[in-house]
$ cat input10.csv   # CSV, C-alpha atoms
chain,number,residue,atom,x,y,z
Y,1,MET,CA,101.2,68.5,54.5
Y,2,VAL,CA,104.7,70.0,55.0
Y,3,ALA,CA,106.4,66.7,54.6
Y,4,GLY,CA,104.6,66.2,51.2
Y,5,TRP,CA,105.8,69.6,50.1
Y,6,PHE,CA,109.5,68.7,50.6
Y,7,SER,CA,109.2,65.4,48.7
Y,8,GLY,CA,110.4,64.9,45.1
Y,9,ARG,CA,110.7,68.0,42.8
Y,10,HIS,CA,109.6,70.4,45.5
Y,11,SER,CA,112.3,69.1,47.8
Y,12,ARG,CA,115.0,70.0,45.3
Y,13,LEU,CA,113.5,73.4,44.8
Y,14,ALA,CA,113.2,74.0,48.6
Y,15,ARG,CA,116.8,73.0,49.1
Y,16,LEU,CA,118.0,75.2,46.3
Y,17,ALA,CA,116.0,78.2,47.7
Y,18,LEU,CA,117.5,77.6,51.1
Y,19,LEU,CA,121.0,77.4,49.7
Y,20,LEU,CA,120.5,80.6,47.7
Y,21,SER,CA,119.2,82.4,50.7
Y,22,PHE,CA,122.3,81.4,52.7
Y,23,CYS,CA,124.6,82.5,49.9
Y,24,PHE,CA,123.0,85.9,49.4
Y,25,SER,CA,122.5,86.6,53.1
Y,26,GLY,CA,126.3,86.0,53.6
Y,27,ALA,CA,127.2,88.2,50.7
Y,28,ALA,CA,125.2,91.0,52.1
Y,29,LEU,CA,127.1,90.9,55.4
Y,30,ALA,CA,129.8,93.5,55.7
Y,31,LEU,CA,133.2,92.5,56.9
Y,32,ASP,CA,133.9,93.9,60.4
Y,33,TYR,CA,137.5,95.2,60.6
Y,34,ARG,CA,139.1,96.8,63.6
Y,35,SER,CA,142.6,97.6,64.8
Y,36,VAL,CA,144.5,97.0,67.9
Y,37,GLY,CA,144.0,100.2,70.0
Y,38,ALA,CA,146.3,99.4,72.9
Y,39,GLU,CA,150.1,99.9,72.6
Y,40,SER,CA,150.3,96.1,72.3
Y,41,ALA,CA,147.9,93.3,72.8
Y,42,THR,CA,148.4,89.6,73.4
Y,43,LEU,CA,146.5,87.2,71.1
Y,44,TYR,CA,145.4,83.8,72.5
Y,45,ASP,CA,144.3,80.4,71.3
Y,46,SER,CA,141.1,80.6,73.4
Y,47,PRO,CA,138.9,83.4,74.9
Y,48,SER,CA,140.8,83.4,78.2
Y,49,VAL,CA,143.9,85.0,79.7
Y,50,GLN,CA,144.7,81.4,80.9
Y,51,GLY,CA,144.8,80.3,77.2
Y,52,LYS,CA,148.0,79.8,75.3
Y,53,ARG,CA,149.6,83.2,74.3
Y,54,LEU,CA,150.3,83.0,70.6
Y,55,PHE,CA,151.8,86.4,69.8
Y,56,VAL,CA,151.6,90.1,70.5
Y,57,ALA,CA,150.2,92.7,68.1
Y,58,ASP,CA,151.2,96.3,68.1
Y,59,LYS,CA,148.9,99.3,68.0
Y,60,TYR,CA,147.1,99.9,64.7
Y,61,TYR,CA,147.5,96.2,63.6
Y,62,PRO,CA,144.3,95.4,61.6
Y,63,VAL,CA,142.1,92.4,62.4
Y,64,GLU,CA,138.8,91.1,61.1
Y,65,ILE,CA,136.2,90.2,63.7
Y,66,ILE,CA,134.8,86.7,63.2
Y,67,VAL,CA,133.1,86.0,66.5
Y,68,ASN,CA,132.0,88.4,69.3
Y,69,LEU,CA,131.7,87.2,72.9
Y,70,ASP,CA,131.1,89.4,75.9
Y,71,GLN,CA,134.7,90.5,76.5
Y,72,TRP,CA,136.5,88.6,73.7
Y,73,ALA,CA,136.6,88.7,70.0
Y,74,LYS,CA,137.8,85.9,67.7
Y,75,VAL,CA,139.7,87.6,64.9
Y,76,ARG,CA,141.6,86.9,61.7
Y,77,ASP,CA,144.8,88.7,60.8
Y,78,VAL,CA,146.6,89.2,57.5
Y,79,THR,CA,148.1,85.7,57.7
Y,80,GLY,CA,144.7,84.1,58.0
Y,81,ILE,CA,145.2,82.8,61.5
Y,82,LEU,CA,142.3,82.8,63.8
Y,83,VAL,CA,143.1,84.0,67.4
Y,84,TRP,CA,141.3,85.6,70.4
Y,85,ILE,CA,141.8,89.1,71.7
Y,86,GLU,CA,140.3,90.9,74.6
Y,87,LYS,CA,137.8,93.5,73.2
Y,88,LYS,CA,139.2,96.2,75.5
Y,89,ASN,CA,142.4,96.1,73.3
Y,90,LEU,CA,140.5,96.8,70.1
Y,91,SER,CA,139.7,100.2,68.5
Y,92,SER,CA,137.1,101.1,65.9
Y,93,VAL,CA,139.8,103.0,64.0
Y,94,ARG,CA,140.1,101.2,60.6
Y,95,THR,CA,143.6,100.5,59.4
Y,96,VAL,CA,145.1,98.5,56.6
Y,97,LEU,CA,148.4,96.7,56.5
Y,98,VAL,CA,150.8,97.0,53.5
Y,99,THR,CA,151.3,93.6,52.0
Y,100,ALA,CA,153.3,94.6,49.0
Y,101,ALA,CA,157.1,95.0,49.3
Y,102,ARG,CA,156.5,98.8,48.8
Y,103,ALA,CA,153.1,100.4,48.3
Y,104,ASP,CA,152.8,103.7,46.3
Y,105,VAL,CA,150.5,106.2,47.9
Y,106,ARG,CA,149.4,108.8,45.4
Y,107,GLN,CA,147.7,112.2,45.4
Y,108,ALA,CA,144.7,110.9,43.6
Y,109,ALA,CA,143.1,107.5,42.8
Y,110,ASP,CA,145.1,107.2,39.6
Y,111,PRO,CA,148.3,105.3,38.8
Y,112,LYS,CA,149.6,108.4,37.0
Y,113,ALA,CA,149.0,110.8,39.9
Y,114,PRO,CA,152.0,112.2,41.7
Y,115,LEU,CA,153.5,110.1,44.5
Y,116,VAL,CA,152.9,111.3,48.0
Y,117,PHE,CA,155.0,108.6,49.8
Y,118,GLN,CA,155.8,104.9,49.7
Y,119,ALA,CA,155.0,102.6,52.5
Y,120,GLU,CA,157.0,99.4,53.2
Y,121,ARG,CA,155.5,96.0,53.9
Y,122,ASP,CA,153.9,95.6,57.3
Y,123,VAL,CA,153.3,99.4,57.8
Y,124,ALA,CA,149.8,100.1,59.1
Y,125,LEU,CA,147.9,103.0,57.4
Y,126,GLU,CA,144.6,104.5,58.7
Y,127,LEU,CA,141.8,103.9,56.3
Y,128,VAL,CA,140.1,107.2,55.6
Y,129,GLU,CA,137.6,106.0,53.0
Y,130,HIS,CA,137.1,103.6,50.2
Y,131,GLY,CA,137.8,105.2,46.9
Y,132,THR,CA,136.8,104.3,43.4
Y,133,ALA,CA,138.0,101.4,41.2
Y,134,GLY,CA,140.1,99.6,43.8
Y,135,TRP,CA,141.7,102.6,45.5
Y,136,LEU,CA,141.6,103.4,49.2
Y,137,LYS,CA,142.2,106.8,50.8
Y,138,VAL,CA,144.7,106.3,53.6
Y,139,ARG,CA,146.6,108.4,56.2
Y,140,HIS,CA,150.1,107.7,57.5
Y,141,ARG,CA,150.6,108.2,61.2
Y,142,ASP,CA,152.8,111.3,60.3
Y,143,GLY,CA,149.7,112.9,58.7
Y,144,GLN,CA,150.4,112.3,55.0
Y,145,VAL,CA,147.2,111.4,53.1
Y,146,GLY,CA,146.9,109.8,49.7
Y,147,PHE,CA,145.4,106.9,47.7
Y,148,VAL,CA,146.7,103.3,47.6
Y,149,LEU,CA,145.6,100.3,45.5
Y,150,SER,CA,143.6,97.9,47.6
Y,151,SER,CA,145.6,95.1,46.1
Y,152,GLN,CA,148.7,96.3,48.0
Y,153,VAL,CA,147.1,96.2,51.5
Y,154,TRP,CA,145.1,94.0,53.7
Y,155,GLY,CA,142.1,95.0,55.9
Y,156,SER,CA,139.8,96.8,53.7
$ encode --input "input10.csv" --output "structure tokens"
Amino acid sequence: MVAGWFSGRHSRLARLALLLSFCFSGAALALDYRSVGAESATLYDSPSVQGKRLFVADKYYPVEIIVNLDQWAKVRDVTGILVWIEKKNLSSVRTVLVTAARADVRQAADPKAPLVFQAERDVALELVEHGTAGWLKVRHRDGQVGFVLSSQVWGS
């Protein structure tokens, strides 16, 4: 009976329904961003300290969790590379990394709002909250708070 349902026209409908369910279930999943919580953390090519050491990330460096294992997480960084990091080196503090040459951080989520400060490329800013219409409320480590366009940073 089941085999008959998947034949012909019904088969195409079933495949389409299955494909749509995968698409919409993936779209509903939230991205899981974290930051490096340790002063520095080594990133590896495999989930083991015996793996090849690829590079070291400083505190506040944002990463996106792709895979969770017991003590390891496979993460993606701003460059798109996939690497492994020990979970003990991650923090739940959300940060974003400036990708523009210089990002303007403003008093309000408005391009005409007064400038609070500018952040250079590769500066990590704490993500306070998602604003409206493509703006993020961020905090610099010296305490200054303002809004930056999400197109000028990575990790949101």
$ closest_residue --input "input10.csv" --among "Y:Gly51, Y:Gly146, Y:Gly37, Y:Gly155" --to "Y:Asp104" --atoms "only C-alpha atoms"
Y:Gly146
$ closest_residue --input "input10.csv" --among "Y:Val128, Y:Gln144, Y:Asp45, Y:Leu149" --to "Y:Asp110" --atoms "only C-alpha atoms"
Y:Leu149
$ residues_around --input "input10.csv" --residues "stretch 64-78 of chain Y" --least-positions-apart "3" --cutoff "12 Å" --atoms "all atoms listed in the file" --output "ChimeraX atom specification"
/Y:29-36,42-49,55-57,61,81-92,94-99,121-122,124,153-156
$ write_last_selection --input "input10.csv" --atoms "C-alpha atoms" --output "PDB file, in the frame of the given file"
ATOM      1  CA  LEU Y  29     127.100  90.900  55.400  1.00  0.00           C
ATOM      2  CA  ALA Y  30     129.800  93.500  55.700  1.00  0.00           C
ATOM      3  CA  LEU Y  31     133.200  92.500  56.900  1.00  0.00           C
ATOM      4  CA  ASP Y  32     133.900  93.900  60.400  1.00  0.00           C
ATOM      5  CA  TYR Y  33     137.500  95.200  60.600  1.00  0.00           C
ATOM      6  CA  ARG Y  34     139.100  96.800  63.600  1.00  0.00           C
ATOM      7  CA  SER Y  35     142.600  97.600  64.800  1.00  0.00           C
ATOM      8  CA  VAL Y  36     144.500  97.000  67.900  1.00  0.00           C
ATOM      9  CA  THR Y  42     148.400  89.600  73.400  1.00  0.00           C
ATOM     10  CA  LEU Y  43     146.500  87.200  71.100  1.00  0.00           C
ATOM     11  CA  TYR Y  44     145.400  83.800  72.500  1.00  0.00           C
ATOM     12  CA  ASP Y  45     144.300  80.400  71.300  1.00  0.00           C
ATOM     13  CA  SER Y  46     141.100  80.600  73.400  1.00  0.00           C
ATOM     14  CA  PRO Y  47     138.900  83.400  74.900  1.00  0.00           C
ATOM     15  CA  SER Y  48     140.800  83.400  78.200  1.00  0.00           C
ATOM     16  CA  VAL Y  49     143.900  85.000  79.700  1.00  0.00           C
ATOM     17  CA  PHE Y  55     151.800  86.400  69.800  1.00  0.00           C
ATOM     18  CA  VAL Y  56     151.600  90.100  70.500  1.00  0.00           C
ATOM     19  CA  ALA Y  57     150.200  92.700  68.100  1.00  0.00           C
ATOM     20  CA  TYR Y  61     147.500  96.200  63.600  1.00  0.00           C
ATOM     21  CA  ILE Y  81     145.200  82.800  61.500  1.00  0.00           C
ATOM     22  CA  LEU Y  82     142.300  82.800  63.800  1.00  0.00           C
ATOM     23  CA  VAL Y  83     143.100  84.000  67.400  1.00  0.00           C
ATOM     24  CA  TRP Y  84     141.300  85.600  70.400  1.00  0.00           C
ATOM     25  CA  ILE Y  85     141.800  89.100  71.700  1.00  0.00           C
ATOM     26  CA  GLU Y  86     140.300  90.900  74.600  1.00  0.00           C
ATOM     27  CA  LYS Y  87     137.800  93.500  73.200  1.00  0.00           C
ATOM     28  CA  LYS Y  88     139.200  96.200  75.500  1.00  0.00           C
ATOM     29  CA  ASN Y  89     142.400  96.100  73.300  1.00  0.00           C
ATOM     30  CA  LEU Y  90     140.500  96.800  70.100  1.00  0.00           C
ATOM     31  CA  SER Y  91     139.700 100.200  68.500  1.00  0.00           C
ATOM     32  CA  SER Y  92     137.100 101.100  65.900  1.00  0.00           C
ATOM     33  CA  ARG Y  94     140.100 101.200  60.600  1.00  0.00           C
ATOM     34  CA  THR Y  95     143.600 100.500  59.400  1.00  0.00           C
ATOM     35  CA  VAL Y  96     145.100  98.500  56.600  1.00  0.00           C
ATOM     36  CA  LEU Y  97     148.400  96.700  56.500  1.00  0.00           C
ATOM     37  CA  VAL Y  98     150.800  97.000  53.500  1.00  0.00           C
ATOM     38  CA  THR Y  99     151.300  93.600  52.000  1.00  0.00           C
ATOM     39  CA  ARG Y 121     155.500  96.000  53.900  1.00  0.00           C
ATOM     40  CA  ASP Y 122     153.900  95.600  57.300  1.00  0.00           C
ATOM     41  CA  ALA Y 124     149.800 100.100  59.100  1.00  0.00           C
ATOM     42  CA  VAL Y 153     147.100  96.200  51.500  1.00  0.00           C
ATOM     43  CA  TRP Y 154     145.100  94.000  53.700  1.00  0.00           C
ATOM     44  CA  GLY Y 155     142.100  95.000  55.900  1.00  0.00           C
ATOM     45  CA  SER Y 156     139.800  96.800  53.700  1.00  0.00           C
TER      46      SER Y 156
END
$ atom_distance --input "input10.csv" --atom1 "atom CA of Y:Arg141" --atom2 "atom CA of Y:Leu125"
7.0 Å
$ closest_residue --input "input10.csv" --among "Y:Ser151, Y:His140, Y:Trp135, Y:Thr79" --to "Y:Ala101" --atoms "all atoms listed in the file"
Y:Ser151
$ closest_residue --input "input10.csv" --among "Y:Ala100, Y:Arg106, Y:Glu126, Y:Glu39" --to "Y:Pro62" --atoms "all atoms listed in the file"
Y:Glu126
$ atom_distance --input "input10.csv" --atom1 "atom CA of Y:Thr132" --atom2 "atom CA of Y:Ala109"
7.1 Å
$ closest_residue --input "input10.csv" --among "Y:Lys137, Y:Lys59, Y:Arg102, Y:Phe147" --to "Y:Ser40" --atoms "all atoms listed in the file"
Y:Lys59
$ atom_distance --input "input10.csv" --atom1 "atom CA of Y:Val105" --atom2 "atom CA of Y:Val148"
4.8 Å
$ build_atoms --input "input10.csv" --residues "stretch 50-85 of chain Y" --atoms "N, CA and C atoms" --output "tab-separated table (two decimals), in the frame of the given file"
chain	number	residue	atom	x	y	z
Y	50	GLN	N	144.01	82.66	80.51
Y	50	GLN	CA	144.70	81.40	80.90
Y	50	GLN	C	145.03	80.60	79.60
Y	51	GLY	N	144.55	81.04	78.44
Y	51	GLY	CA	144.80	80.30	77.20
Y	51	GLY	C	146.28	80.50	76.79
Y	52	LYS	N	146.68	79.77	75.76
Y	52	LYS	CA	148.00	79.80	75.30
Y	52	LYS	C	148.25	81.18	74.55
Y	53	ARG	N	149.31	81.88	74.94
Y	53	ARG	CA	149.60	83.20	74.30
Y	53	ARG	C	150.35	82.87	73.00
Y	54	LEU	N	149.75	83.34	71.90
Y	54	LEU	CA	150.30	83.00	70.60
Y	54	LEU	C	151.27	84.09	70.08
Y	55	PHE	N	150.89	85.36	70.16
Y	55	PHE	CA	151.80	86.40	69.80
Y	55	PHE	C	151.23	87.76	70.28
Y	56	VAL	N	152.02	88.80	70.12
Y	56	VAL	CA	151.60	90.10	70.50
Y	56	VAL	C	151.51	91.01	69.29
Y	57	ALA	N	150.42	91.75	69.22
Y	57	ALA	CA	150.20	92.70	68.10
Y	57	ALA	C	150.35	94.09	68.59
Y	58	ASP	N	150.98	94.91	67.77
Y	58	ASP	CA	151.20	96.30	68.10
Y	58	ASP	C	149.98	97.17	67.78
Y	59	LYS	N	149.97	98.37	68.31
Y	59	LYS	CA	148.90	99.30	68.00
Y	59	LYS	C	148.76	99.53	66.53
Y	60	TYR	N	147.52	99.66	66.08
Y	60	TYR	CA	147.10	99.90	64.70
Y	60	TYR	C	147.09	98.61	63.85
Y	61	TYR	N	147.51	97.46	64.39
Y	61	TYR	CA	147.50	96.20	63.60
Y	61	TYR	C	146.04	95.87	63.29
Y	62	PRO	N	145.70	95.72	61.99
Y	62	PRO	CA	144.30	95.40	61.60
Y	62	PRO	C	143.92	93.99	61.82
Y	63	VAL	N	142.67	93.77	62.22
Y	63	VAL	CA	142.10	92.40	62.40
Y	63	VAL	C	140.67	92.45	61.88
Y	64	GLU	N	140.20	91.28	61.49
Y	64	GLU	CA	138.80	91.10	61.10
Y	64	GLU	C	138.07	90.34	62.16
Y	65	ILE	N	136.99	90.90	62.68
Y	65	ILE	CA	136.20	90.20	63.70
Y	65	ILE	C	135.41	89.09	63.07
Y	66	ILE	N	135.55	87.90	63.64
Y	66	ILE	CA	134.80	86.70	63.20
Y	66	ILE	C	133.73	86.33	64.13
Y	67	VAL	N	134.04	86.36	65.43
Y	67	VAL	CA	133.10	86.00	66.50
Y	67	VAL	C	133.19	87.03	67.59
Y	68	ASN	N	132.04	87.46	68.11
Y	68	ASN	CA	132.00	88.40	69.30
Y	68	ASN	C	131.44	87.63	70.47
Y	69	LEU	N	132.17	87.68	71.56
Y	69	LEU	CA	131.70	87.20	72.90
Y	69	LEU	C	131.64	88.43	73.77
Y	70	ASP	N	131.26	88.23	75.03
Y	70	ASP	CA	131.10	89.40	75.90
Y	70	ASP	C	132.38	90.24	75.98
Y	71	GLN	N	133.50	89.69	76.39
Y	71	GLN	CA	134.70	90.50	76.50
Y	71	GLN	C	135.81	90.08	75.57
Y	72	TRP	N	135.48	89.17	74.65
Y	72	TRP	CA	136.50	88.60	73.70
Y	72	TRP	C	135.97	88.69	72.30
Y	73	ALA	N	136.92	88.73	71.38
Y	73	ALA	CA	136.60	88.70	70.00
Y	73	ALA	C	137.55	87.66	69.30
Y	74	LYS	N	136.99	86.79	68.47
Y	74	LYS	CA	137.80	85.90	67.70
Y	74	LYS	C	138.09	86.67	66.38
Y	75	VAL	N	139.37	86.81	66.04
Y	75	VAL	CA	139.70	87.60	64.90
Y	75	VAL	C	140.65	86.88	63.94
Y	76	ARG	N	140.66	87.38	62.71
Y	76	ARG	CA	141.60	86.90	61.70
Y	76	ARG	C	142.53	88.00	61.35
Y	77	ASP	N	143.79	87.65	61.15
Y	77	ASP	CA	144.80	88.70	60.80
Y	77	ASP	C	145.20	88.48	59.34
Y	78	VAL	N	146.16	89.25	58.92
Y	78	VAL	CA	146.60	89.20	57.50
Y	78	VAL	C	147.13	87.86	57.10
Y	79	THR	N	147.61	87.05	58.02
Y	79	THR	CA	148.10	85.70	57.70
Y	79	THR	C	146.99	84.70	57.55
Y	80	GLY	N	145.79	85.05	58.01
Y	80	GLY	CA	144.70	84.10	58.00
Y	80	GLY	C	144.44	83.36	59.23
Y	81	ILE	N	145.35	83.49	60.19
Y	81	ILE	CA	145.20	82.80	61.50
Y	81	ILE	C	144.04	83.31	62.26
Y	82	LEU	N	143.36	82.42	62.97
Y	82	LEU	CA	142.30	82.80	63.80
Y	82	LEU	C	142.75	82.78	65.28
Y	83	VAL	N	142.59	83.89	65.98
Y	83	VAL	CA	143.10	84.00	67.40
Y	83	VAL	C	142.03	84.81	68.16
Y	84	TRP	N	142.21	84.84	69.47
Y	84	TRP	CA	141.30	85.60	70.40
Y	84	TRP	C	142.02	86.77	70.95
Y	85	ILE	N	141.28	87.87	71.10
Y	85	ILE	CA	141.80	89.10	71.70
Y	85	ILE	C	140.75	89.68	72.62
